[in-house]
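Peer 1: Take a look at work_15.pdb, PDB, C-alpha atoms:
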```
ATOM      1  CA  MET A 230      64.511  49.924 105.604
ATOM      2  CA  GLY A 231      64.884  49.701 109.353
ATOM      3  CA  LEU A 232      68.098  51.750 109.308
ATOM      4  CA  ASN A 233      66.552  54.477 107.152
ATOM      5  CA  SER A 234      63.467  54.540 109.377
ATOM      6  CA  ASN A 235      65.607  55.034 112.486
ATOM      7  CA  ARG A 236      67.560  57.817 110.770
ATOM      8  CA  GLY A 237      64.309  59.534 109.765
ATOM      9  CA  PHE A 238      63.010  59.309 113.312
ATOM     10  CA  ALA A 239      66.269  60.741 114.670
ATOM     11  CA  LEU A 240      66.172  63.641 112.205
ATOM     12  CA  LEU A 241      62.549  64.337 113.094
ATOM     13  CA  ALA A 242      63.378  64.282 116.803
ATOM     14  CA  VAL A 243      66.321  66.636 116.258
ATOM     15  CA  PHE A 244      64.030  68.964 114.271
ATOM     16  CA  TRP A 245      61.385  69.105 117.009
ATOM     17  CA  ILE A 246      63.963  69.527 119.758
ATOM     18  CA  SER A 247      65.603  72.360 117.804
ATOM     19  CA  LEU A 248      62.213  73.976 117.251
ATOM     20  CA  LEU A 249      61.368  73.686 120.940
ATOM     21  CA  LEU A 250      64.714  75.149 121.961
ATOM     22  CA  GLY A 251      64.228  77.988 119.477
ATOM     23  CA  ILE A 252      60.806  78.762 120.907
ATOM     24  CA  LEU A 253      62.197  78.726 124.448
ATOM     25  CA  ALA A 254      65.074  80.988 123.418
ATOM     26  CA  LEU A 255      62.699  83.386 121.676
ATOM     27  CA  ASN A 256      60.416  83.418 124.705
ATOM     28  CA  TYR A 257      63.382  84.091 126.992
ATOM     29  CA  ALA A 258      64.649  86.892 124.745
ATOM     30  CA  THR A 259      61.173  88.460 124.591
ATOM     31  CA  THR A 260      60.755  88.225 128.366
ATOM     32  CA  ALA A 261      64.202  89.733 128.923
ATOM     33  CA  ARG A 262      63.415  92.582 126.500
ATOM     34  CA  LEU A 263      60.049  93.275 128.167
ATOM     35  CA  ASN A 264      61.640  93.219 131.633
ATOM     36  CA  ALA A 265      64.354  95.585 130.466
ATOM     37  CA  GLU A 266      61.715  97.906 128.967
ATOM     38  CA  ALA A 267      59.665  97.771 132.183
ATOM     39  CA  ALA A 268      62.778  98.576 134.247
ATOM     40  CA  ARG A 269      63.570 101.466 131.908
ATOM     41  CA  ASN A 270      60.008 102.805 132.236
ATOM     42  CA  ARG A 271      60.195 102.535 136.030
ATOM     43  CA  ARG A 272      63.495 104.416 136.005
ATOM     44  CA  LEU A 273      62.104 107.122 133.726
ATOM     45  CA  GLY A 274      58.964 107.336 135.859
ATOM     46  CA  ALA A 275      61.027 107.707 139.023
ATOM     47  CA  GLU A 276      63.217 110.350 137.377
ATOM     48  CA  ARG A 277      60.115 112.257 136.273
ATOM     49  CA  ASP A 278      58.598 112.056 139.760
ATOM     50  CA  TYR A 279      61.806 113.370 141.341
ATOM     51  CA  LEU A 280      61.997 116.124 138.723
ATOM     52  CA  LEU A 281      58.446 117.300 139.428
ATOM     53  CA  GLN A 282      58.967 117.082 143.182
ATOM     54  CA  SER A 283      62.079 119.235 142.760
ATOM     55  CA  ALA A 284      60.073 121.669 140.651
ATOM     56  CA  VAL A 285      57.418 121.935 143.369
ATOM     57  CA  ALA A 286      60.159 122.498 145.957
ATOM     58  CA  LYS A 287      61.560 125.307 143.804
ATOM     59  CA  GLY A 288      58.074 126.786 143.467
ATOM     60  CA  TYR A 289      57.655 126.706 147.243
ATOM     61  CA  HIS A 290      61.032 128.406 147.706
ATOM     62  CA  GLU A 291      60.045 131.116 145.214
ATOM     63  CA  TYR A 292      56.706 131.562 146.966
ATOM     64  CA  LEU A 293      58.398 132.028 150.362
ATOM     65  CA  LYS A 294      60.743 134.536 148.758
ATOM     66  CA  TYR A 295      57.725 136.384 147.362
ATOM     67  CA  ARG A 296      55.982 136.456 150.759
ATOM     68  CA  ALA A 297      59.101 137.841 152.423
ATOM     69  CA  ASN A 298      59.564 140.576 149.817
ATOM     70  CA  ARG A 299      56.105 141.311 148.428
ATOM     71  CA  ALA A 300      56.102 144.779 150.026
ATOM     72  CA  LEU A 301      58.816 145.695 147.509
ATOM     73  CA  LEU A 302      56.356 145.258 144.634
ATOM     74  CA  ALA A 303      54.663 148.519 145.583
ATOM     75  CA  LYS A 304      58.037 150.228 144.938
ATOM     76  CA  LYS A 305      59.130 148.039 142.056
ATOM     77  CA  ASP A 306      60.498 150.828 139.834
ATOM     78  CA  GLU A 307      62.452 152.375 142.693
ATOM     79  CA  VAL A 308      63.911 149.031 143.809
ATOM     80  CA  GLU A 309      64.972 148.129 140.279
ATOM     81  CA  GLU A 310      66.584 151.521 139.774
ATOM     82  CA  LEU A 311      68.587 151.206 142.994
ATOM     83  CA  SER A 312      69.633 147.589 142.411
ATOM     84  CA  GLY A 313      70.197 147.886 138.675
ATOM     85  CA  ALA A 314      68.431 144.529 138.201
ATOM     86  CA  PRO A 315      64.824 143.471 137.638
ATOM     87  CA  LEU A 316      62.802 142.483 140.695
ATOM     88  CA  LYS A 317      62.089 138.814 140.040
ATOM     89  CA  LEU A 318      59.415 137.527 142.384
ATOM     90  CA  TRP A 319      57.226 134.568 141.489
ATOM     91  CA  TYR A 320      53.919 135.922 142.730
ATOM     92  CA  PRO A 321      50.788 133.726 142.833
ATOM     93  CA  ARG A 322      48.847 133.678 139.571
ATOM     94  CA  TYR A 323      46.886 131.159 137.540
ATOM     95  CA  GLU A 324      49.375 131.210 134.652
ATOM     96  CA  PRO A 325      52.506 129.090 135.274
ATOM     97  CA  TRP A 326      56.114 130.197 135.543
ATOM     98  CA  GLU A 327      58.688 128.429 133.374
ATOM     99  CA  CYS A 328      62.256 127.413 134.137
ATOM    100  CA  GLU A 329      64.764 124.641 133.456
ATOM    101  CA  LEU A 330      65.748 121.920 135.928
ATOM    102  CA  GLU A 331      68.381 119.297 135.151
ATOM    103  CA  GLY A 332      68.212 120.262 131.488
ATOM    104  CA  VAL A 333      64.427 119.781 131.333
ATOM    105  CA  LYS A 334      62.025 122.664 130.775
ATOM    106  CA  VAL A 335      59.267 122.682 133.388
ATOM    107  CA  LYS A 336      56.330 124.903 134.206
ATOM    108  CA  ILE A 337      55.468 125.708 137.797
ATOM    109  CA  LYS A 338      52.156 127.145 138.892
ATOM    110  CA  ILE A 339      51.801 128.987 142.205
ATOM    111  CA  ALA A 340      48.097 129.625 142.792
ATOM    112  CA  ALA A 341      46.390 130.713 145.992
ATOM    113  CA  GLU A 342      43.484 128.532 147.053
ATOM    114  CA  ALA A 343      41.544 131.788 147.511
ATOM    115  CA  GLY A 344      41.295 131.819 143.711
ATOM    116  CA  LYS A 345      38.953 128.820 143.855
ATOM    117  CA  PHE A 346      35.362 128.308 144.949
ATOM    118  CA  ARG A 347      34.774 126.807 148.384
ATOM    119  CA  LEU A 348      33.652 123.196 147.970
ATOM    120  CA  ASP A 349      31.043 123.043 150.684
ATOM    121  CA  GLN A 350      29.208 126.264 149.835
ATOM    122  CA  LEU A 351      28.107 125.814 146.221
ATOM    123  CA  LYS A 352      24.536 126.154 145.000
ATOM    124  CA  ILE A 353      23.115 123.937 142.254
ATOM    125  CA  ASP A 354      23.374 126.647 139.560
ATOM    126  CA  ARG A 355      27.057 127.192 140.341
ATOM    127  CA  TRP A 356      27.707 123.444 140.162
ATOM    128  CA  ARG A 357      26.096 123.343 136.724
ATOM    129  CA  LYS A 358      28.249 126.208 135.472
ATOM    130  CA  LEU A 359      31.423 124.680 136.884
ATOM    131  CA  VAL A 360      30.793 121.248 135.360
ATOM    132  CA  THR A 361      30.053 122.897 132.003
ATOM    133  CA  ALA A 362      33.275 124.926 132.241
ATOM    134  CA  CYS A 363      35.136 121.628 132.700
ATOM    135  CA  GLY A 364      33.966 120.360 129.336
ATOM    136  CA  VAL A 365      30.601 118.690 129.979
ATOM    137  CA  VAL A 366      28.409 120.424 127.416
ATOM    138  CA  ASP A 367      25.749 117.718 127.127
ATOM    139  CA  GLU A 368      22.858 118.788 129.358
ATOM    140  CA  GLU A 369      21.860 115.264 130.410
ATOM    141  CA  ALA A 370      25.443 114.321 131.330
ATOM    142  CA  ARG A 371      25.890 117.604 133.216
ATOM    143  CA  ASP A 372      22.669 117.127 135.202
ATOM    144  CA  GLY A 373      23.673 113.542 135.990
ATOM    145  CA  ILE A 374      26.978 114.699 137.463
ATOM    146  CA  VAL A 375      25.432 117.569 139.426
ATOM    147  CA  ASP A 376      22.630 115.391 140.837
ATOM    148  CA  SER A 377      25.191 112.738 141.791
ATOM    149  CA  ILE A 378      27.307 115.356 143.598
ATOM    150  CA  LEU A 379      24.256 116.584 145.510
ATOM    151  CA  ASP A 380      23.252 112.987 146.389
ATOM    152  CA  TRP A 381      26.821 112.411 147.597
ATOM    153  CA  THR A 382      26.710 115.396 149.945
ATOM    154  CA  ASP A 383      23.135 115.359 151.260
ATOM    155  CA  LYS A 384      22.299 113.374 154.384
ATOM    156  CA  ASP A 385      19.442 111.275 153.003
ATOM    157  CA  SER A 386      19.248 108.204 150.744
ATOM    158  CA  LEU A 387      16.715 109.633 148.316
ATOM    159  CA  HIS A 388      17.682 109.638 144.640
ATOM    160  CA  ARG A 389      17.573 112.834 142.660
ATOM    161  CA  LEU A 390      16.266 112.440 139.122
ATOM    162  CA  ASN A 391      19.690 111.759 137.586
ATOM    163  CA  GLY A 392      21.679 111.134 140.757
ATOM    164  CA  ALA A 393      23.247 108.165 142.530
ATOM    165  CA  GLU A 394      22.940 106.844 146.057
ATOM    166  CA  SER A 395      24.667 103.886 147.719
ATOM    167  CA  ASP A 396      22.814 101.231 145.685
ATOM    168  CA  TYR A 397      24.382 102.564 142.460
ATOM    169  CA  TYR A 398      27.934 102.226 143.816
ATOM    170  CA  GLU A 399      27.184  98.750 145.156
ATOM    171  CA  GLU A 400      25.799  97.665 141.758
ATOM    172  CA  GLN A 401      29.010  98.850 140.122
ATOM    173  CA  GLY A 402      31.005  96.555 142.405
ATOM    174  CA  LEU A 403      32.749  99.470 144.105
ATOM    175  CA  ASP A 404      34.074  99.075 147.634
ATOM    176  CA  TYR A 405      32.489 102.303 148.899
ATOM    177  CA  SER A 406      29.014 103.735 149.245
ATOM    178  CA  CYS A 407      27.512 107.190 148.952
ATOM    179  CA  LYS A 408      29.108 109.450 151.557
ATOM    180  CA  ASN A 409      26.039 111.518 152.519
ATOM    181  CA  GLY A 410      28.311 114.201 153.911
ATOM    182  CA  LYS A 411      30.378 117.162 152.782
ATOM    183  CA  ILE A 412      33.328 116.735 150.433
ATOM    184  CA  ASP A 413      36.549 117.080 152.434
ATOM    185  CA  VAL A 414      39.180 116.999 149.657
ATOM    186  CA  VAL A 415      38.945 117.807 145.965
ATOM    187  CA  ASN A 416      40.063 114.392 144.674
ATOM    188  CA  GLU A 417      37.074 112.872 146.472
ATOM    189  CA  LEU A 418      35.116 114.079 143.442
ATOM    190  CA  LEU A 419      36.676 111.234 141.431
ATOM    191  CA  LEU A 420      34.594 108.775 143.472
ATOM    192  CA  ILE A 421      31.320 110.301 142.290
ATOM    193  CA  LYS A 422      29.288 108.926 139.393
ATOM    194  CA  GLY A 423      30.033 110.595 136.074
ATOM    195  CA  ILE A 424      33.197 112.459 137.058
ATOM    196  CA  THR A 425      36.058 111.268 134.863
ATOM    197  CA  TYR A 426      39.716 112.111 135.268
ATOM    198  CA  ASP A 427      39.524 114.604 132.380
ATOM    199  CA  ILE A 428      36.649 116.438 134.058
ATOM    200  CA  TYR A 429      38.568 116.445 137.325
ATOM    201  CA  ALA A 430      42.062 117.336 136.039
ATOM    202  CA  GLY A 431      41.200 119.274 132.889
ATOM    203  CA  ALA A 432      42.363 118.906 129.310
ATOM    204  CA  GLU A 433      43.975 121.099 126.674
ATOM    205  CA  GLY A 434      42.265 124.472 126.570
ATOM    206  CA  ARG A 435      40.056 124.062 129.648
ATOM    207  CA  PRO A 436      40.446 123.646 133.400
ATOM    208  CA  GLY A 437      39.385 120.762 135.590
ATOM    209  CA  LEU A 438      37.384 120.809 138.800
ATOM    210  CA  VAL A 439      40.700 120.708 140.696
ATOM    211  CA  ASP A 440      41.531 124.129 139.206
ATOM    212  CA  LEU A 441      38.229 125.672 140.288
ATOM    213  CA  LEU A 442      37.363 124.105 143.651
ATOM    214  CA  SER A 443      39.007 123.839 147.057
ATOM    215  CA  PRO A 444      38.029 123.119 150.673
ATOM    216  CA  TYR A 445      40.080 126.256 151.429
ATOM    217  CA  GLY A 446      38.420 128.361 148.739
ATOM    218  CA  GLU A 447      36.221 131.417 149.004
ATOM    219  CA  ALA A 448      32.446 131.480 149.294
ATOM    220  CA  ARG A 449      31.846 134.935 147.859
ATOM    221  CA  ARG A 450      34.739 136.709 146.096
ATOM    222  CA  LEU A 451      37.777 134.995 144.558
ATOM    223  CA  ASP A 452      41.365 136.184 144.355
ATOM    224  CA  ILE A 453      41.748 137.927 140.999
ATOM    225  CA  ASN A 454      45.379 136.825 140.552
ATOM    226  CA  SER A 455      44.920 133.080 141.104
ATOM    227  CA  CYS A 456      41.479 132.406 139.636
ATOM    228  CA  ALA A 457      41.163 130.591 136.308
ATOM    229  CA  PRO A 458      39.924 132.678 133.361
ATOM    230  CA  GLN A 459      36.975 130.262 133.183
ATOM    231  CA  ALA A 460      36.019 131.305 136.724
ATOM    232  CA  MET A 461      35.732 134.889 135.506
ATOM    233  CA  ALA A 462      33.733 133.670 132.523
ATOM    234  CA  LEU A 463      31.084 132.316 134.924
ATOM    235  CA  VAL A 464      30.050 135.917 135.632
ATOM    236  CA  ASP A 465      27.098 136.669 133.357
ATOM    237  CA  ASP A 466      27.612 139.607 130.989
ATOM    238  CA  LEU A 467      31.342 139.948 131.740
ATOM    239  CA  PRO A 468      32.815 140.464 128.245
ATOM    240  CA  PRO A 469      35.662 138.206 127.016
ATOM    241  CA  GLU A 470      37.835 141.237 126.272
ATOM    242  CA  ALA A 471      37.680 142.254 129.955
ATOM    243  CA  ILE A 472      38.836 138.762 130.999
ATOM    244  CA  ALA A 473      41.641 138.873 128.413
ATOM    245  CA  ALA A 474      42.768 142.263 129.747
ATOM    246  CA  VAL A 475      42.946 140.927 133.333
ATOM    247  CA  VAL A 476      44.905 137.837 132.253
ATOM    248  CA  SER A 477      47.351 139.932 130.224
ATOM    249  CA  TYR A 478      47.877 142.381 133.098
ATOM    250  CA  ARG A 479      48.519 139.773 135.807
ATOM    251  CA  ALA A 480      50.892 137.837 133.534
ATOM    252  CA  ALA A 481      53.218 140.855 133.612
ATOM    253  CA  GLN A 482      52.752 141.963 137.222
ATOM    254  CA  PRO A 483      50.611 141.075 140.242
ATOM    255  CA  ILE A 484      47.367 142.907 140.787
ATOM    256  CA  LEU A 485      47.960 144.570 144.151
ATOM    257  CA  ARG A 486      44.617 146.410 144.235
ATOM    258  CA  LEU A 487      41.533 145.767 142.175
ATOM    259  CA  ALA A 488      41.404 149.482 141.372
ATOM    260  CA  GLU A 489      44.403 148.965 139.075
ATOM    261  CA  LEU A 490      42.010 147.443 136.541
ATOM    262  CA  ARG A 491      39.730 150.474 136.296
ATOM    263  CA  GLU A 492      41.555 151.919 133.314
ATOM    264  CA  LEU A 493      41.884 148.559 131.558
ATOM    265  CA  ILE A 494      38.239 147.609 131.261
ATOM    266  CA  ALA A 495      34.917 149.355 130.804
ATOM    267  CA  PRO A 496      33.176 150.706 133.945
ATOM    268  CA  GLU A 497      30.295 148.232 133.605
ATOM    269  CA  ALA A 498      32.723 145.305 133.370
ATOM    270  CA  PHE A 499      34.744 146.595 136.335
ATOM    271  CA  SER A 500      31.577 146.870 138.413
ATOM    272  CA  LEU A 501      30.697 143.255 137.619
ATOM    273  CA  LEU A 502      34.247 142.087 138.290
ATOM    274  CA  SER A 503      34.418 143.798 141.684
ATOM    275  CA  GLN A 504      31.249 141.989 142.825
ATOM    276  CA  TYR A 505      32.870 138.571 142.472
ATOM    277  CA  PHE A 506      36.650 139.134 142.652
ATOM    278  CA  THR A 507      39.145 140.902 144.896
ATOM    279  CA  VAL A 508      42.803 140.647 146.020
ATOM    280  CA  ILE A 509      43.423 138.109 148.786
ATOM    281  CA  ASN A 510      46.686 137.027 150.418
ATOM    282  CA  SER A 511      45.746 133.418 151.138
ATOM    283  CA  ASP A 512      47.420 131.173 153.694
ATOM    284  CA  TYR A 513      46.840 128.172 151.432
ATOM    285  CA  VAL A 514      48.618 127.811 148.118
ATOM    286  CA  THR A 515      48.759 124.985 145.597
ATOM    287  CA  ILE A 516      52.070 124.551 143.827
ATOM    288  CA  SER A 517      51.873 122.447 140.675
ATOM    289  CA  ALA A 518      54.575 121.295 138.286
ATOM    290  CA  ALA A 519      54.651 119.641 134.879
ATOM    291  CA  GLU A 520      57.063 119.237 132.013
ATOM    292  CA  ALA A 521      56.787 122.165 129.634
ATOM    293  CA  GLY A 522      55.155 120.118 126.870
ATOM    294  CA  ALA A 523      52.362 118.744 129.084
ATOM    295  CA  GLY A 524      48.793 119.824 128.376
ATOM    296  CA  THR A 525      46.392 121.625 130.687
ATOM    297  CA  GLY A 526      45.330 118.575 132.657
ATOM    298  CA  SER A 527      48.034 116.029 131.930
ATOM    299  CA  GLY A 528      51.168 115.313 133.884
ATOM    300  CA  TRP A 529      50.687 117.827 136.705
ATOM    301  CA  TYR A 530      52.062 117.058 140.160
ATOM    302  CA  ARG A 531      50.259 119.142 142.820
ATOM    303  CA  GLN A 532      50.872 119.882 146.467
ATOM    304  CA  VAL A 533      48.973 122.173 148.846
ATOM    305  CA  PHE A 534      50.961 124.212 151.354
ATOM    306  CA  ALA A 535      49.595 126.006 154.402
ATOM    307  CA  LEU A 536      51.302 129.030 155.937
ATOM    308  CA  ASN A 537      50.481 131.191 158.918
ATOM    309  CA  LYS A 538      49.413 134.736 158.210
ATOM    310  CA  LYS A 539      52.097 137.377 158.262
ATOM    311  CA  LYS A 540      51.328 140.912 159.262
TER     312      LYS A 540
END
```
Output the file's structure in the form of structure tokens.

Peer 2:
Amino acid sequence: MGLNSNRGFALLAVFWISLLLGILALNYATTARLNAEAARNRRLGAERDYLLQSAVAKGYHEYLKYRANRALLAKKDEVEELSGAPLKLWYPRYEPWECELEGVKVKIKIAAEAGKFRLDQLKIDRWRKLVTACGVVDEEARDGIVDSILDWTDKDSLHRLNGAESDYYEEQGLDYSCKNGKIDVVNELLLIKGITYDIYAGAEGRPGLVDLLSPYGEARRLDINSCAPQAMALVDDLPPEAIAAVVSYRAAQPILRLAELRELIAPEAFSLLSQYFTVINSDYVTISAAEAGAGTGSGWYRQVFALNKKK
């Protein structure tokens, strides 16, 4: 009996030790697999970052080439006839250019900041329209965002009806308070109550605040080449077919003078358009890049460049 009991104990001990070793081996294998997956994701993330940075660098090169040769656009047909090749200049426009880098299809957007509204000169009605254009259709949510923006920028500590002052941000456990001053950079909007990343960056089929606003933007009339179609849609009574005609035209060639659009759209629509839009050669340009399959607001890498005016 004693011998059998000892054998049973030994078998039980071997079983538990084997089970423990199996668990440790499984845990090690799982940890190794997760670490390998994390390393792979970091490598892919770094490769993607370098790809998009290269795409932005290419966009900047193409933009400099455009600035150096944009006078040729006025004689495009003549230049192409003499050279026997198409004049390929990546001019600023809201719609992106597409190319392939390192075997990956990317889209590169070159848009003048003059195609955006100036951040520090917006009235409450314009803020409401802009927030709505960025996907906030619920009136209460829209008013909450707009009031919070106005509370952020005014110099007092008085709450608007749906706004937020410093006490709100403190209650949320955030390490900042209400600024009570003008917004200096567009991504500062992400600090404000109610503004989500989708509202800021945009989503499929609609722009984000970053596409419509800039500290280097225009207070009165926007650049017709670089403005988002939704910016044109903010003009009351401007028909959708007029906006579609402008977008189609600038996708094929830059609008060098607003008068070029006279024959494309009805006189009433042209009169409205000319009140709010013009052609501006801005010294500030945002170059953005994303993989070709990325949506409107996802995956974009952006960089603002400043250049001195050229005569």

Peer 1: Could you check which of A:Leu248, A:Cys407, A:Ala242, A:Leu485 is closest to A:Lys305, using all atoms listed in the file?

Peer 2: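 Selected residue with least distance to A:Lys305: A:Leu485.
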
Peer 1: Quick one: pull the distance between atom CA of A:Glu417 and atom CA of A:Tyr429, Å, one decimal.

Peer 2: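 About the pair atom CA of A:Glu417 and atom CA of A:Tyr429: they are 9.9 Å apart.
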
Peer 1: Using all atoms listed in the file, find each residue of stretch 352-448 of chain A with at least one atom at most 8 Å away from an atom of stretch 335-345 of chain A; report its shortest atom-to-atom pair and that distance in Å (one decimal), sort the rows by chain and rising residue number, and return the result as a tab-separated table.

Peer 2:
```
residue	atom	partner	partner_atom	distance
A:Asp440	CA	A:Lys345	CA	7.1
A:Leu441	CA	A:Lys345	CA	4.8
A:Leu442	CA	A:Lys345	CA	5.0
A:Ser443	CA	A:Lys345	CA	5.9
A:Tyr445	CA	A:Glu342	CA	6.0
A:Gly446	CA	A:Ala343	CA	4.8
A:Glu447	CA	A:Ala343	CA	5.5
```

Peer 1: Which residues, written as JSON, numbers by chain, have at least one atom at most 12 Å from stretch 370-387 of chain A, with all atoms listed in the file counted and residues fewer than 3 positions away on the same chain left out?

Peer 2: {"A": [348, 349, 350, 351, 352, 353, 354, 355, 356, 357, 358, 359, 360, 361, 362, 363, 364, 365, 366, 367, 390, 391, 392, 393, 394, 395, 396, 397, 398, 405, 406, 407, 408, 409, 410, 411, 412, 413, 417, 418, 419, 420, 421, 422, 423, 424, 425, 428, 429]}

Peer 1: Can you turn the PyMOL selection byres ((chain A and resi 498) around 12) into a concrete residue list for this file, as a list in words?

Peer 2: Met461, Ala462, Val464, Asp465, Asp466, Leu467, Pro468, Pro469, Glu470, Ala471, Ile472, Ala474, Val475, Leu490, Arg491, Glu492, Leu493, Ile494, Ala495, Pro496, Glu497, Phe499, Ser500, Leu501, Leu502, Ser503, Gln504, Tyr505 and Phe506 of chain A

Peer 1: Kindly give the distance, in Å, that separates atom CA of A:Asp512 and atom CA of A:Phe534, rounded to a single decimal.

Peer 2: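 Atom CA of A:Phe534 lies 8.2 Å from atom CA of A:Asp512.
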
Peer 1: Rounded to one decimal in Å, what is the spacing between atom CA of A:Glu331 and atom CA of A:Leu280?

Peer 2: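 According to the coordinates, atom CA of A:Glu331 and atom CA of A:Leu280 are separated by 8.0 Å.
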
Peer 1: Once 3 Å is added on each side, what are the centre and the three edge lengths, in Å to one decimal, of the axis-aligned box enclosing the listed atoms of stretch 374-388 of chain A? Present them as JSON.

Peer 2:
```
{"center_x": 22.0, "center_y": 112.9, "center_z": 145.9, "size_x": 16.6, "size_y": 15.4, "size_z": 22.9}
```

Peer 1: Apply the PyMOL selection byres ((chain A and resi 297) around 12) to the file shown and report the selected residues as a list of chain:residue names.

Peer 2: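 Applying the PyMOL selection byres ((chain A and resi 297) around 12) to the structure shown produces A:His290, A:Glu291, A:Tyr292, A:Leu293, A:Lys294, A:Tyr295, A:Arg296, A:Asn298, A:Arg299, A:Ala300, A:Leu301, A:Leu302, A:Leu318, A:Trp319, A:Tyr320, A:Lys538, A:Lys539, A:Lys540.
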
Peer 1: From the list A:Glu520, A:Tyr426, A:Val514, A:Lys317, which residue is nearest A:Ala481 when using all atoms listed in the file?

Peer 2: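 Smallest separation from A:Ala481 among the options: A:Lys317.
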
Peer 1: Of the candidates A:Ala488, A:Val415, A:Ala284, A:Leu463, which shows the shortest atom-to-atom distance to A:Val333, using only C-alpha atoms?

Peer 2: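 Nearest to A:Val333: A:Ala284.
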
Peer 1: For each of A:Pro325, A:Leu255, A:Ala521, A:Thr515, take the minimum atom-to-atom distance to A:Leu536, counting only C-alpha atoms, then give the residue where this is smallest.

Peer 2: A:Thr515

Peer 1: Name the closest residue to A:Ala518 among the candidates A:Leu249, A:Leu281, A:Ala430, A:Ala303; distances are taken between atoms, counting all atoms listed in the file.

Peer 2: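 Smallest separation from A:Ala518 among the options: A:Leu281.
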
Peer 1: Atoms are missing here; could stretch 457-473 of chain A be completed with N, CA and C atoms and written as a PDB file, in the frame of the given file?

Peer 2:
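Result file follows (selection_11.pdb):
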```
ATOM      1  N   ALA A 457      41.104 130.978 137.721  1.00  0.00           N
ATOM      2  CA  ALA A 457      41.163 130.591 136.308  1.00  0.00           C
ATOM      3  C   ALA A 457      40.339 131.561 135.468  1.00  0.00           C
ATOM      4  N   PRO A 458      40.739 131.828 134.226  1.00  0.00           N
ATOM      5  CA  PRO A 458      39.924 132.678 133.361  1.00  0.00           C
ATOM      6  C   PRO A 458      38.491 132.176 133.237  1.00  0.00           C
ATOM      7  N   GLN A 459      38.321 130.835 133.281  1.00  0.00           N
ATOM      8  CA  GLN A 459      36.975 130.262 133.183  1.00  0.00           C
ATOM      9  C   GLN A 459      36.133 130.605 134.403  1.00  0.00           C
ATOM     10  N   ALA A 460      36.772 130.872 135.545  1.00  0.00           N
ATOM     11  CA  ALA A 460      36.019 131.305 136.724  1.00  0.00           C
ATOM     12  C   ALA A 460      35.459 132.696 136.496  1.00  0.00           C
ATOM     13  N   MET A 461      36.235 133.559 135.840  1.00  0.00           N
ATOM     14  CA  MET A 461      35.732 134.889 135.506  1.00  0.00           C
ATOM     15  C   MET A 461      34.618 134.802 134.469  1.00  0.00           C
ATOM     16  N   ALA A 462      34.739 133.827 133.572  1.00  0.00           N
ATOM     17  CA  ALA A 462      33.733 133.670 132.523  1.00  0.00           C
ATOM     18  C   ALA A 462      32.380 133.215 133.067  1.00  0.00           C
ATOM     19  N   LEU A 463      32.354 132.723 134.319  1.00  0.00           N
ATOM     20  CA  LEU A 463      31.084 132.316 134.924  1.00  0.00           C
ATOM     21  C   LEU A 463      30.211 133.519 135.281  1.00  0.00           C
ATOM     22  N   VAL A 464      30.807 134.703 135.322  1.00  0.00           N
ATOM     23  CA  VAL A 464      30.050 135.917 135.632  1.00  0.00           C
ATOM     24  C   VAL A 464      29.258 136.317 134.387  1.00  0.00           C
ATOM     25  N   ASP A 465      27.949 136.300 134.490  1.00  0.00           N
ATOM     26  CA  ASP A 465      27.098 136.669 133.357  1.00  0.00           C
ATOM     27  C   ASP A 465      27.379 138.094 132.918  1.00  0.00           C
ATOM     28  N   ASP A 466      27.452 138.286 131.619  1.00  0.00           N
ATOM     29  CA  ASP A 466      27.612 139.607 130.989  1.00  0.00           C
ATOM     30  C   ASP A 466      29.011 140.200 131.133  1.00  0.00           C
ATOM     31  N   LEU A 467      29.969 139.451 131.701  1.00  0.00           N
ATOM     32  CA  LEU A 467      31.342 139.948 131.740  1.00  0.00           C
ATOM     33  C   LEU A 467      31.975 139.658 130.381  1.00  0.00           C
ATOM     34  N   PRO A 468      32.347 140.682 129.620  1.00  0.00           N
ATOM     35  CA  PRO A 468      32.815 140.464 128.245  1.00  0.00           C
ATOM     36  C   PRO A 468      34.160 139.758 128.188  1.00  0.00           C
ATOM     37  N   PRO A 469      34.380 138.929 127.163  1.00  0.00           N
ATOM     38  CA  PRO A 469      35.662 138.206 127.016  1.00  0.00           C
ATOM     39  C   PRO A 469      36.868 139.137 126.962  1.00  0.00           C
ATOM     40  N   GLU A 470      36.696 140.334 126.361  1.00  0.00           N
ATOM     41  CA  GLU A 470      37.835 141.237 126.272  1.00  0.00           C
ATOM     42  C   GLU A 470      38.271 141.749 127.646  1.00  0.00           C
ATOM     43  N   ALA A 471      37.332 141.847 128.590  1.00  0.00           N
ATOM     44  CA  ALA A 471      37.680 142.254 129.955  1.00  0.00           C
ATOM     45  C   ALA A 471      38.501 141.155 130.633  1.00  0.00           C
ATOM     46  N   ILE A 472      38.091 139.898 130.432  1.00  0.00           N
ATOM     47  CA  ILE A 472      38.836 138.762 130.999  1.00  0.00           C
ATOM     48  C   ILE A 472      40.238 138.712 130.399  1.00  0.00           C
ATOM     49  N   ALA A 473      40.336 138.898 129.082  1.00  0.00           N
ATOM     50  CA  ALA A 473      41.641 138.873 128.413  1.00  0.00           C
ATOM     51  C   ALA A 473      42.548 139.982 128.943  1.00  0.00           C
TER      52      ALA A 473
END
```
